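> Below is coords-v8.txt; it holds compact mmCIF, C-alpha atoms and all ligand atoms.
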# COMPACT_ATOMS: atom_id res chain seq x y z
CA MET P 1 -3.59 -5.01 -17.59
CA ALA P 2 -6.93 -5.19 -15.77
CA SER P 3 -10.12 -6.16 -17.58
CA ALA P 4 -11.78 -3.20 -19.31
CA SER P 5 -15.23 -4.47 -18.30
CA ARG P 6 -14.39 -4.80 -14.60
CA TYR P 7 -17.09 -2.48 -13.31
CA GLY P 8 -20.05 -3.58 -15.44
CA GLU P 9 -23.17 -2.23 -13.77
CA MET P 10 -22.03 -0.23 -10.75
CA ASN P 11 -25.37 -0.52 -8.96
CA ARG P 12 -25.19 -4.26 -9.04
CA LEU P 13 -21.64 -4.41 -7.69
CA PHE P 14 -21.48 -1.66 -5.06
CA ASN P 15 -23.24 -0.43 -1.93
CA ARG P 16 -22.80 2.95 -0.30
CA CYS P 17 -20.92 2.60 2.97
CA GLY P 18 -23.32 4.07 5.52
CA GLN P 19 -23.83 7.78 4.90
CA SER P 20 -20.32 8.33 3.55
CA GLY P 21 -19.03 9.16 0.11
CA VAL P 22 -17.52 5.71 -0.27
CA LEU P 23 -18.93 2.85 -2.33
CA LEU P 24 -17.74 -0.62 -1.41
CA PRO P 25 -18.21 -3.79 -3.42
CA LYS P 26 -20.96 -6.02 -2.04
CA VAL P 27 -18.37 -8.81 -1.96
CA SER P 28 -14.92 -7.78 -0.66
CA LEU P 29 -11.76 -9.88 -0.45
CA GLY P 30 -10.11 -10.69 2.89
CA MET P 31 -6.49 -11.75 3.26
CA TRP P 32 -6.46 -13.31 6.73
CA HIS P 33 -5.71 -16.77 5.30
CA ASN P 34 -4.30 -17.92 1.96
CA PHE P 35 -2.10 -14.87 1.24
CA GLY P 36 0.83 -15.42 3.60
CA ALA P 37 4.42 -16.38 2.86
CA GLU P 38 3.54 -20.07 3.24
CA ASP P 39 0.89 -19.87 0.49
CA PRO P 40 1.77 -20.06 -3.21
CA TYR P 41 2.30 -16.50 -4.41
CA GLU P 42 1.00 -17.20 -7.90
CA ARG P 43 -2.29 -18.42 -6.44
CA SER P 44 -2.62 -15.28 -4.30
CA ARG P 45 -1.86 -13.25 -7.38
CA ALA P 46 -4.44 -15.06 -9.51
CA ILE P 47 -7.13 -14.57 -6.85
CA THR P 48 -6.50 -10.83 -6.51
CA HIS P 49 -6.42 -10.39 -10.27
CA TYR P 50 -9.68 -12.23 -10.69
CA ALA P 51 -11.19 -10.12 -7.93
CA PHE P 52 -10.08 -6.79 -9.37
CA ASP P 53 -11.09 -7.83 -12.88
CA HIS P 54 -14.60 -8.36 -11.54
CA GLY P 55 -14.99 -5.06 -9.74
CA ILE P 56 -13.75 -6.12 -6.30
CA THR P 57 -11.96 -2.94 -5.31
CA HIS P 58 -11.73 -3.60 -1.58
CA PHE P 59 -8.94 -5.76 -0.11
CA ASP P 60 -8.90 -6.20 3.66
CA LEU P 61 -5.73 -6.85 5.64
CA ALA P 62 -4.36 -6.59 9.18
CA ASN P 63 -0.86 -6.32 10.60
CA ASN P 64 -0.93 -9.94 11.84
CA TYR P 65 -2.30 -11.73 8.75
CA GLY P 66 -0.08 -14.44 7.34
CA PRO P 67 1.34 -16.77 8.53
CA PRO P 68 3.84 -15.61 9.53
CA ALA P 69 2.32 -12.39 10.87
CA GLY P 70 2.95 -9.51 8.49
CA SER P 71 3.42 -11.68 5.43
CA ALA P 72 -0.04 -11.07 3.93
CA GLU P 73 0.81 -7.37 3.88
CA GLU P 74 4.13 -8.24 2.26
CA THR P 75 2.22 -10.18 -0.40
CA MET P 76 0.06 -7.09 -0.92
CA GLY P 77 3.25 -5.01 -1.25
CA ARG P 78 4.61 -7.37 -3.88
CA LEU P 79 1.31 -7.23 -5.76
CA MET P 80 1.31 -3.43 -5.58
CA GLU P 81 4.79 -3.30 -7.08
CA GLN P 82 4.19 -5.91 -9.75
CA ASP P 83 0.61 -5.28 -10.78
CA PHE P 84 -1.57 -2.84 -8.91
CA ALA P 85 0.47 0.38 -8.65
CA PRO P 86 -1.16 1.87 -11.77
CA TYR P 87 -4.55 1.13 -10.20
CA ARG P 88 -3.88 2.49 -6.70
CA ASP P 89 -6.67 5.07 -6.97
CA GLU P 90 -9.15 2.32 -7.90
CA LEU P 91 -8.35 0.27 -4.81
CA PHE P 92 -9.69 0.56 -1.27
CA ILE P 93 -7.14 -1.10 1.01
CA SER P 94 -7.69 -1.54 4.73
CA THR P 95 -5.48 -2.69 7.55
CA LYS P 96 -5.83 -3.04 11.31
CA ALA P 97 -3.94 -3.27 14.56
CA GLY P 98 -5.00 -4.62 17.93
CA TYR P 99 -3.83 -8.22 18.24
CA LEU P 100 -0.36 -9.44 19.21
CA MET P 101 2.20 -8.45 16.63
CA TRP P 102 5.56 -8.21 18.40
CA ASP P 103 7.07 -8.95 21.81
CA GLY P 104 7.02 -6.63 24.78
CA PRO P 105 4.47 -4.19 26.17
CA TYR P 106 3.98 -2.19 22.94
CA GLY P 107 3.13 -5.03 20.55
CA GLU P 108 -0.65 -5.30 20.93
CA TRP P 109 -3.91 -3.66 22.18
CA GLY P 110 -4.77 0.03 21.80
CA SER P 111 -2.00 2.40 22.91
CA ARG P 112 -0.83 5.27 20.71
CA LYS P 113 2.64 3.72 20.87
CA TYR P 114 1.53 0.39 19.41
CA LEU P 115 -0.96 1.67 16.84
CA THR P 116 1.46 4.24 15.42
CA ALA P 117 4.37 1.83 15.05
CA SER P 118 2.05 -0.79 13.60
CA LEU P 119 0.56 1.43 10.91
CA ASP P 120 4.04 2.62 9.90
CA GLN P 121 5.13 -1.02 9.57
CA SER P 122 2.01 -1.89 7.57
CA LEU P 123 2.60 0.94 5.11
CA ARG P 124 6.19 -0.22 4.59
CA ARG P 125 5.16 -3.85 4.07
CA MET P 126 2.40 -2.94 1.62
CA LYS P 127 4.54 -0.33 -0.17
CA LEU P 128 1.82 2.25 0.27
CA ASP P 129 1.88 5.94 1.17
CA TYR P 130 -1.50 5.66 2.90
CA VAL P 131 -4.23 3.14 3.60
CA ASP P 132 -7.80 3.89 2.67
CA LEU P 133 -9.07 2.56 5.96
CA PHE P 134 -7.42 1.87 9.30
CA TYR P 135 -9.21 -0.14 11.99
CA SER P 136 -8.82 -0.62 15.67
CA HIS P 137 -8.92 -4.42 15.51
CA ARG P 138 -10.22 -4.98 19.04
CA TYR P 139 -11.40 -3.06 22.07
CA ASP P 140 -8.75 -2.51 24.74
CA PRO P 141 -10.41 -2.29 28.18
CA ASP P 142 -7.21 -1.02 29.83
CA THR P 143 -6.34 1.89 27.55
CA PRO P 144 -8.48 5.05 27.74
CA ILE P 145 -10.58 5.01 24.58
CA GLU P 146 -9.65 8.66 24.01
CA GLU P 147 -6.03 7.56 23.51
CA THR P 148 -6.94 4.93 20.93
CA LEU P 149 -9.46 7.13 19.15
CA GLN P 150 -7.30 10.25 19.07
CA THR P 151 -4.57 8.15 17.47
CA LEU P 152 -7.04 7.18 14.73
CA VAL P 153 -8.00 10.85 14.25
CA ASP P 154 -4.33 11.77 14.02
CA PHE P 155 -3.70 9.10 11.35
CA VAL P 156 -6.29 10.83 9.20
CA ARG P 157 -4.83 14.29 9.93
CA GLN P 158 -1.34 12.96 9.04
CA GLY P 159 -2.61 11.50 5.76
CA LYS P 160 -1.65 7.95 6.72
CA ALA P 161 -5.30 6.82 6.55
CA LEU P 162 -8.25 8.31 4.72
CA TYR P 163 -10.96 6.76 6.91
CA VAL P 164 -11.18 4.99 10.25
CA GLY P 165 -13.04 1.87 11.29
CA ILE P 166 -13.67 -0.23 14.36
CA SER P 167 -13.75 -3.99 14.59
CA ASN P 168 -14.99 -6.29 17.32
CA TRP P 169 -15.77 -3.51 19.85
CA PRO P 170 -18.78 -4.04 22.14
CA LEU P 171 -21.80 -1.78 21.67
CA GLU P 172 -21.27 0.72 24.51
CA PRO P 173 -17.65 1.63 23.63
CA LEU P 174 -18.74 1.70 19.98
CA LYS P 175 -21.32 4.35 20.86
CA ALA P 176 -18.72 6.41 22.73
CA ALA P 177 -16.29 6.04 19.80
CA THR P 178 -18.93 7.19 17.33
CA ARG P 179 -19.49 10.37 19.37
CA TYR P 180 -15.78 11.05 19.90
CA LEU P 181 -14.90 10.65 16.24
CA HIS P 182 -17.92 12.65 15.04
CA GLU P 183 -17.00 15.58 17.31
CA ARG P 184 -13.53 15.67 15.76
CA GLY P 185 -14.74 15.65 12.17
CA VAL P 186 -13.48 12.15 11.44
CA PRO P 187 -16.72 10.17 11.32
CA LEU P 188 -16.57 6.43 11.85
CA LEU P 189 -16.79 4.93 8.35
CA ILE P 190 -17.50 1.30 9.11
CA TYR P 191 -17.77 -1.43 11.71
CA GLN P 192 -16.29 -4.85 10.96
CA GLY P 193 -17.91 -7.73 12.82
CA ARG P 194 -18.43 -11.47 12.47
CA LEU P 195 -21.86 -12.08 11.01
CA ASN P 196 -23.06 -15.23 9.34
CA MET P 197 -26.05 -17.59 9.48
CA ILE P 198 -24.52 -19.40 12.47
CA ASP P 199 -23.15 -16.42 14.42
CA ARG P 200 -25.53 -13.47 14.57
CA LYS P 201 -23.95 -11.61 17.49
CA PRO P 202 -23.88 -8.14 15.86
CA MET P 203 -27.62 -8.50 15.21
CA ASP P 204 -28.43 -9.94 18.63
CA GLU P 205 -26.41 -7.26 20.44
CA GLY P 206 -27.81 -4.33 18.48
CA ILE P 207 -24.56 -3.41 16.77
CA LEU P 208 -25.90 -3.71 13.25
CA ALA P 209 -29.00 -1.68 14.17
CA PHE P 210 -26.83 1.01 15.79
CA CYS P 211 -24.63 1.28 12.69
CA ARG P 212 -27.68 1.53 10.47
CA GLN P 213 -29.21 4.32 12.62
CA GLU P 214 -25.95 6.26 12.76
CA GLY P 215 -25.09 5.99 9.07
CA ILE P 216 -22.05 3.79 9.74
CA GLY P 217 -21.31 1.03 7.25
CA PHE P 218 -21.14 -2.62 8.35
CA ILE P 219 -18.90 -5.26 6.78
CA ALA P 220 -19.44 -8.90 7.74
CA TYR P 221 -16.32 -10.99 8.28
CA SER P 222 -16.20 -14.80 8.11
CA PRO P 223 -19.53 -14.70 6.23
CA LEU P 224 -19.15 -18.40 5.40
CA ALA P 225 -18.18 -19.24 9.00
CA GLN P 226 -14.65 -19.99 7.72
CA GLY P 227 -16.00 -22.46 5.17
CA LEU P 228 -18.56 -24.26 7.34
CA LEU P 229 -21.38 -22.67 5.31
CA THR P 230 -20.26 -24.13 1.98
CA ASP P 231 -20.18 -27.58 0.41
CA ARG P 232 -16.56 -27.99 1.67
CA TYR P 233 -17.37 -30.30 4.60
CA LEU P 234 -20.49 -32.08 3.32
CA ASP P 235 -18.71 -35.38 2.73
CA GLY P 236 -15.78 -35.21 5.13
CA ILE P 237 -12.75 -33.01 5.81
CA PRO P 238 -10.67 -32.39 2.68
CA SER P 239 -6.92 -32.51 3.36
CA ASP P 240 -6.32 -29.05 1.88
CA SER P 241 -9.10 -27.37 3.90
CA ARG P 242 -8.87 -24.92 6.80
CA MET P 243 -10.45 -27.52 9.09
CA ALA P 244 -7.75 -30.07 8.29
CA LYS P 245 -5.23 -27.68 9.88
CA GLU P 246 -7.17 -27.90 13.20
CA HIS P 247 -6.09 -24.42 14.17
CA PHE P 248 -8.66 -21.68 13.57
CA LEU P 249 -11.38 -24.12 12.52
CA LYS P 250 -11.63 -27.29 14.61
CA SER P 251 -13.13 -30.53 13.30
CA GLU P 252 -15.53 -30.61 16.27
CA ARG P 253 -17.48 -27.87 14.44
CA ARG P 254 -18.57 -30.50 11.88
CA THR P 255 -21.58 -31.63 13.91
CA PRO P 256 -24.68 -33.58 12.82
CA GLU P 257 -26.61 -30.33 13.39
CA LEU P 258 -24.34 -28.46 10.96
CA LEU P 259 -24.73 -31.20 8.36
CA ARG P 260 -28.52 -31.03 8.70
CA MET P 261 -28.36 -27.26 8.22
CA LEU P 262 -26.15 -27.69 5.16
CA HIS P 263 -28.51 -30.20 3.59
CA ASP P 264 -31.43 -27.81 4.15
CA LEU P 265 -29.43 -24.94 2.64
CA GLN P 266 -28.50 -27.12 -0.29
CA GLN P 267 -32.17 -27.84 -0.96
CA GLU P 268 -33.20 -24.19 -0.62
CA GLY P 269 -30.29 -23.22 -2.86
CA GLN P 270 -31.43 -25.64 -5.55
CA ALA P 271 -34.78 -23.82 -5.61
CA HIS P 272 -32.99 -20.49 -6.20
CA GLY P 273 -30.27 -21.92 -8.47
CA ARG P 274 -27.67 -21.14 -5.81
CA THR P 275 -24.89 -23.01 -4.03
CA ILE P 276 -24.76 -23.27 -0.23
CA ALA P 277 -22.14 -20.50 -0.12
CA GLN P 278 -24.28 -18.24 -2.26
CA GLU P 279 -27.29 -18.87 -0.01
CA ALA P 280 -25.21 -17.96 3.04
CA LEU P 281 -23.87 -14.75 1.45
CA ALA P 282 -27.26 -13.71 0.08
CA TRP P 283 -28.76 -14.03 3.57
CA ILE P 284 -26.22 -11.56 4.98
CA LEU P 285 -26.52 -9.10 2.11
CA ALA P 286 -30.29 -9.07 2.62
CA GLN P 287 -29.92 -7.73 6.19
CA GLU P 288 -30.64 -4.02 6.31
CA GLY P 289 -27.50 -2.02 7.04
CA VAL P 290 -24.97 -4.52 5.69
CA THR P 291 -22.59 -2.88 3.22
CA SER P 292 -20.43 -5.83 2.19
CA VAL P 293 -19.51 -9.44 2.91
CA LEU P 294 -15.80 -10.00 3.39
CA VAL P 295 -14.99 -13.43 1.99
CA GLY P 296 -11.80 -15.44 2.26
CA VAL P 297 -10.99 -17.89 -0.55
CA SER P 298 -8.30 -20.44 -1.28
CA SER P 299 -8.94 -20.58 -5.05
CA VAL P 300 -10.22 -18.54 -7.97
CA GLU P 301 -13.03 -21.10 -8.31
CA GLN P 302 -14.32 -20.31 -4.81
CA LEU P 303 -14.23 -16.58 -5.49
CA LYS P 304 -16.06 -17.05 -8.76
CA ASN P 305 -18.73 -19.03 -6.95
CA ASN P 306 -19.07 -16.37 -4.25
CA LEU P 307 -19.23 -13.47 -6.69
CA ALA P 308 -22.19 -15.05 -8.44
CA VAL P 309 -24.30 -13.95 -5.47
CA ILE P 310 -24.34 -10.37 -6.82
P1 LIG P 401 -15.10 -17.02 5.10
O1 LIG P 401 -16.16 -17.25 6.09
O2 LIG P 401 -15.46 -16.50 3.75
O3 LIG P 401 -14.26 -18.38 4.96
C1 LIG P 401 -13.29 -18.54 3.98
C2 LIG P 401 -13.01 -20.00 3.70
O4 LIG P 401 -14.20 -20.65 3.29
C3 LIG P 401 -12.04 -20.18 2.55
O5 LIG P 401 -10.70 -20.11 2.98
C4 LIG P 401 -12.43 -21.55 2.04
O6 LIG P 401 -11.92 -22.56 2.87
C5 LIG P 401 -13.93 -21.55 2.23
N1 LIG P 401 -14.67 -21.08 1.04
C6 LIG P 401 -14.84 -19.81 0.62
N2 LIG P 401 -15.62 -19.76 -0.46
C7 LIG P 401 -15.98 -21.03 -0.74
C8 LIG P 401 -16.79 -21.62 -1.73
N3 LIG P 401 -17.42 -20.89 -2.66
N4 LIG P 401 -16.94 -22.97 -1.72
C9 LIG P 401 -16.32 -23.72 -0.78
N5 LIG P 401 -15.53 -23.23 0.19
C10 LIG P 401 -15.37 -21.88 0.20
O7 LIG P 401 -14.09 -15.93 5.62
P2 LIG P 401 -12.76 -15.88 6.54
O8 LIG P 401 -12.98 -16.53 7.83
O9 LIG P 401 -11.61 -16.29 5.70
O10 LIG P 401 -12.70 -14.32 6.76
C11 LIG P 401 -12.76 -13.44 5.64
C12 LIG P 401 -12.04 -12.17 5.93
O11 LIG P 401 -12.65 -11.49 7.02
C13 LIG P 401 -10.60 -12.35 6.38
O12 LIG P 401 -9.72 -12.61 5.31
C14 LIG P 401 -10.33 -11.03 7.03
O13 LIG P 401 -10.10 -10.04 6.04
C15 LIG P 401 -11.66 -10.75 7.73
N6 LIG P 401 -11.64 -11.20 9.15
C16 LIG P 401 -11.62 -10.22 10.10
C17 LIG P 401 -11.59 -10.53 11.43
C18 LIG P 401 -11.59 -9.43 12.43
O14 LIG P 401 -11.33 -9.69 13.62
N7 LIG P 401 -11.85 -8.21 12.04
C19 LIG P 401 -11.55 -11.93 11.90
C20 LIG P 401 -11.64 -12.89 10.82
C21 LIG P 401 -11.69 -12.52 9.50
P3 LIG P 401 -10.60 -23.41 2.50
O15 LIG P 401 -9.46 -22.48 2.82
O16 LIG P 401 -10.69 -24.58 3.42
O17 LIG P 401 -10.68 -23.74 1.06
Output the file's structure in the form of structure tokens.


Amino acid sequence: MASASRYGEMNRLFNRCGQSGVLLPKVSLGMWHNFGAEDPYERSRAITHYAFDHGITHFDLANNYGPPAGSAEETMGRLMEQDFAPYRDELFISTKAGYLMWDGPYGEWGSRKYLTASLDQSLRRMKLDYVDLFYSHRYDPDTPIEETLQTLVDFVRQGKALYVGISNWPLEPLKAATRYLHERGVPLLIYQGRLNMIDRKPMDEGILAFCRQEGIGFIAYSPLAQGLLTDRYLDGIPSDSRMAKEHFLKSERRTPELLRMLHDLQQEGQAHGRTIAQEALAWILAQEGVTSVLVGVSSVEQLKNNLAVI
């Protein structure tokens, strides 16, 4: 049973996604890490329950999240069956395809063949009839964009996705995609890009400004730079941290420059009564055109800390 007070003040919790009819929580939950088959299921369950109980309606997935690839969607499927099925209409669930998912020529990039098989697999794993949002996860320079985009349009026509999004595409193809989708009555809902205090590429390259002008939402992934912009690495590299795995986050990122930045953020945060993570999230949410920050967390405590920013 979800908390009866989960929505509190809607204006505080939600932002309108561009010029669409959709409201998204200012803080959304991402399942790239910490929700795979190798992670404790009860922890994943506790995190999603805490999120939903506090008005976090948007869970973000992709075909390849795990490890192993696909297992985060399986976790979502188990959660749907056990807990969330009665709340399906209160949830906004996204998935993506673009990166390597299976062997052979049809297991990645942007062909109709790959995207269609991938979305069908995702729906089966998540035990869903449809996703709220389907993304092209990356730009494919070798597939005509019309093929990729028409596949997205068709997903909406087939009822497999309610909205479409684009992630990690450069600006010029993004502009072409916006036109193509608009002309077919399936407007681009949202762009998902990496934006945080260290990596400001979508701002530097004009992507955020373009989305704002066109009424497209923008959701910032890795808003804490995978944990760099928190107190996690202030005093070393904890053994249970993402950096300790030396895979997606290498220890060479813990530089004297980063530590100086963290100490400055810590001091600024003290003035506002905020943690480093809250400072980092507040900075993104203050950028005009940002709809939501898409956090990853490995504990309920971290999520609680991050939610205090709103
Ligand atoms: P973050 O930048 O939020 O990093 C998450 C990590 O930061 C956590 O796993 C945890 O590290 C640490 N952390 C989080 N909150 C706190 C806190 N309050 N105090 C201390 N440490 C904290 O995001 P992710 O890189 O995980 O990405 C978030 C989501 O964005 C993904 O799940 C996915 O949905 C999406 N994404 C999309 C991509 C795309 O190509 N479209 C690419 C990457 C992400 P630890 O695990 O060490 O405890």

> For a test of reading the model, state the distance in Å between CA of Val164 in chain P and CA of Arg179 in chain P, rounded to one decimal.

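CA of Arg179 in chain P lies 13.5 Å from CA of Val164 in chain P.
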
> I'd like the neighbourhood of Ser298 in chain P as a ChimeraX atom specification, where a residue qualifies if any of its atoms comes within 9 Å (using all atoms listed in the file), though same-chain residues fewer than 2 positions away should be ignored.

/P:33-35,43-44,47,241,296,300-303

> For chain P versus ligand LIG 401 (chain P), which residues have an atom no more than 6 Å away, and what is each residue's nearest atom pair and distance in Å rounded to one decimal, using only C-alpha atoms and all ligand atoms, chain-then-number order, as JSON lines?


{"residue": "P:Gly30", "atom": "CA", "partner": "P:LIG401", "partner_atom": "O12", "distance": 3.1}
{"residue": "P:Met31", "atom": "CA", "partner": "P:LIG401", "partner_atom": "O12", "distance": 3.9}
{"residue": "P:Trp32", "atom": "CA", "partner": "P:LIG401", "partner_atom": "O12", "distance": 3.6}
{"residue": "P:His33", "atom": "CA", "partner": "P:LIG401", "partner_atom": "O12", "distance": 5.8}
{"residue": "P:Asp60", "atom": "CA", "partner": "P:LIG401", "partner_atom": "O13", "distance": 4.7}
{"residue": "P:Leu61", "atom": "CA", "partner": "P:LIG401", "partner_atom": "O13", "distance": 5.4}
{"residue": "P:His137", "atom": "CA", "partner": "P:LIG401", "partner_atom": "N7", "distance": 5.9}
{"residue": "P:Ser167", "atom": "CA", "partner": "P:LIG401", "partner_atom": "N7", "distance": 5.3}
{"residue": "P:Gln192", "atom": "CA", "partner": "P:LIG401", "partner_atom": "N7", "distance": 5.7}
{"residue": "P:Tyr221", "atom": "CA", "partner": "P:LIG401", "partner_atom": "O11", "distance": 3.9}
{"residue": "P:Ser222", "atom": "CA", "partner": "P:LIG401", "partner_atom": "O1", "distance": 3.2}
{"residue": "P:Pro223", "atom": "CA", "partner": "P:LIG401", "partner_atom": "O1", "distance": 4.2}
{"residue": "P:Leu224", "atom": "CA", "partner": "P:LIG401", "partner_atom": "O1", "distance": 3.3}
{"residue": "P:Ala225", "atom": "CA", "partner": "P:LIG401", "partner_atom": "O1", "distance": 4.1}
{"residue": "P:Gln226", "atom": "CA", "partner": "P:LIG401", "partner_atom": "O3", "distance": 3.2}
{"residue": "P:Gly227", "atom": "CA", "partner": "P:LIG401", "partner_atom": "O4", "distance": 3.2}
{"residue": "P:Thr230", "atom": "CA", "partner": "P:LIG401", "partner_atom": "C9", "distance": 4.8}
{"residue": "P:Asp231", "atom": "CA", "partner": "P:LIG401", "partner_atom": "C9", "distance": 5.6}
{"residue": "P:Arg232", "atom": "CA", "partner": "P:LIG401", "partner_atom": "C9", "distance": 4.9}
{"residue": "P:Ser241", "atom": "CA", "partner": "P:LIG401", "partner_atom": "O16", "distance": 3.2}
{"residue": "P:Arg242", "atom": "CA", "partner": "P:LIG401", "partner_atom": "O16", "distance": 3.9}
{"residue": "P:Ala277", "atom": "CA", "partner": "P:LIG401", "partner_atom": "N3", "distance": 5.4}
{"residue": "P:Leu294", "atom": "CA", "partner": "P:LIG401", "partner_atom": "C12", "distance": 5.0}
{"residue": "P:Val295", "atom": "CA", "partner": "P:LIG401", "partner_atom": "O2", "distance": 3.6}
{"residue": "P:Gly296", "atom": "CA", "partner": "P:LIG401", "partner_atom": "O9", "distance": 3.5}
{"residue": "P:Val297", "atom": "CA", "partner": "P:LIG401", "partner_atom": "C3", "distance": 4.0}
{"residue": "P:Ser298", "atom": "CA", "partner": "P:LIG401", "partner_atom": "O17", "distance": 4.7}
{"residue": "P:Gln302", "atom": "CA", "partner": "P:LIG401", "partner_atom": "N3", "distance": 3.8}
{"residue": "P:Asn305", "atom": "CA", "partner": "P:LIG401", "partner_atom": "N3", "distance": 4.9}
{"residue": "P:Asn306", "atom": "CA", "partner": "P:LIG401", "partner_atom": "N3", "distance": 5.1}

> May I ask which of the residues P:Arg260, P:Arg88, P:Arg6, P:Lys96 is the closest one to Tyr114 in chain P, counting all atoms listed in the file?

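Checking each candidate against Tyr114 in chain P, we get P:Lys96 as the closest.
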
> Need to verify the contact set: Glu279 in chain P, 10 Å, all atoms listed in the file, exclusion of same-chain residues closer than 4 positions in sequence. Can you return it as an MDAnalysis selection string?

chainID P and resid 197 224 229:230 265:266 268:270 272:275 283:284 306 309

> Residues within 9 Å of range 143-156 of chain P, please, as number ranges by chain. Count all atoms listed in the file; anything in the same chain fewer than 3 positions from it doesn't count.

P: 109-112, 115-116, 119, 134-136, 139-140, 159-165, 173, 176-177, 180-181, 184-186

> Pull C-alpha atoms from the residues just selected and write them as an mmCIF file, keeping the file's coordinate frame.


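The file below, part.cif, is the result:
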data_model
loop_
_atom_site.group_PDB
_atom_site.id
_atom_site.type_symbol
_atom_site.label_atom_id
_atom_site.label_comp_id
_atom_site.auth_asym_id
_atom_site.auth_seq_id
_atom_site.Cartn_x
_atom_site.Cartn_y
_atom_site.Cartn_z
ATOM 1 C CA TRP P 109 -3.910 -3.660 22.180
ATOM 2 C CA GLY P 110 -4.770 0.030 21.800
ATOM 3 C CA SER P 111 -2.000 2.400 22.910
ATOM 4 C CA ARG P 112 -0.830 5.270 20.710
ATOM 5 C CA LEU P 115 -0.960 1.670 16.840
ATOM 6 C CA THR P 116 1.460 4.240 15.420
ATOM 7 C CA LEU P 119 0.560 1.430 10.910
ATOM 8 C CA PHE P 134 -7.420 1.870 9.300
ATOM 9 C CA TYR P 135 -9.210 -0.140 11.990
ATOM 10 C CA SER P 136 -8.820 -0.620 15.670
ATOM 11 C CA TYR P 139 -11.400 -3.060 22.070
ATOM 12 C CA ASP P 140 -8.750 -2.510 24.740
ATOM 13 C CA GLY P 159 -2.610 11.500 5.760
ATOM 14 C CA LYS P 160 -1.650 7.950 6.720
ATOM 15 C CA ALA P 161 -5.300 6.820 6.550
ATOM 16 C CA LEU P 162 -8.250 8.310 4.720
ATOM 17 C CA TYR P 163 -10.960 6.760 6.910
ATOM 18 C CA VAL P 164 -11.180 4.990 10.250
ATOM 19 C CA GLY P 165 -13.040 1.870 11.290
ATOM 20 C CA PRO P 173 -17.650 1.630 23.630
ATOM 21 C CA ALA P 176 -18.720 6.410 22.730
ATOM 22 C CA ALA P 177 -16.290 6.040 19.800
ATOM 23 C CA TYR P 180 -15.780 11.050 19.900
ATOM 24 C CA LEU P 181 -14.900 10.650 16.240
ATOM 25 C CA ARG P 184 -13.530 15.670 15.760
ATOM 26 C CA GLY P 185 -14.740 15.650 12.170
ATOM 27 C CA VAL P 186 -13.480 12.150 11.440
#

> For Leu208 in chain P, which residue out of P:Thr48, P:Ser239, P:Gln267, P:Thr291 is the nearest one, using all atoms listed in the file?

P:Thr291

> Could you please determine the separation between CA of Ala308 in chain P and CA of Asp199 in chain P in Å, to one decimal place?

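According to the coordinates, CA of Ala308 in chain P and CA of Asp199 in chain P are separated by 22.9 Å.
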
> Which distance in Å separates CA of Leu195 in chain P and CA of Ala220 in chain P, to one decimal?

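Here the two named atoms are 5.2 Å from each other.
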
> Of the candidates P:Ile216, P:Val27, P:Ala72, P:Leu123, which shows the shortest atom-to-atom distance to Leu285 in chain P, using all atoms listed in the file?

P:Val27

> Find the residue from P:Tyr191, P:Leu249, P:Pro256, P:Leu262 that sits nearest to Leu133 in chain P; use only C-alpha atoms when measuring.

P:Tyr191

> Using all atoms listed in the file, which residues sit within 7 Å of Tyr7 in chain P once same-chain residues fewer than 3 positions away are excluded, as a VMD selection string?

chain P and resid 10 54 to 55

> My list of candidates is P:Gly21, P:Leu128, P:Gly8, P:Ser118. Which is closest to Tyr106 in chain P when distances are computed with all atoms listed in the file?

P:Ser118

> Find the residues near Arg125 in chain P: any atom within 10 Å, counting only C-alpha atoms, skip ones fewer than 3 places away on the same chain, and give them as a ChimeraX atom specification.

/P:63,70-78,119-122,128

> Write the residues of the selection above to a file with C-alpha atoms, as a tab-separated table (two decimals), in the coordinates of the input.


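And here is the file that came out, again22.tsv:
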chain	number	residue	atom	x	y	z
P	63	ASN	CA	-0.86	-6.32	10.60
P	70	GLY	CA	2.95	-9.51	8.49
P	71	SER	CA	3.42	-11.68	5.43
P	72	ALA	CA	-0.04	-11.07	3.93
P	73	GLU	CA	0.81	-7.37	3.88
P	74	GLU	CA	4.13	-8.24	2.26
P	75	THR	CA	2.22	-10.18	-0.40
P	76	MET	CA	0.06	-7.09	-0.92
P	77	GLY	CA	3.25	-5.01	-1.25
P	78	ARG	CA	4.61	-7.37	-3.88
P	119	LEU	CA	0.56	1.43	10.91
P	120	ASP	CA	4.04	2.62	9.90
P	121	GLN	CA	5.13	-1.02	9.57
P	122	SER	CA	2.01	-1.89	7.57
P	128	LEU	CA	1.82	2.25	0.27

> Here is a test: counting all atoms listed in the file, which residue of P:Ala46, P:Met1, P:Cys17, P:Ala37 is nearest to Val290 in chain P?

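Checking each candidate against Val290 in chain P, we get P:Cys17 as the closest.
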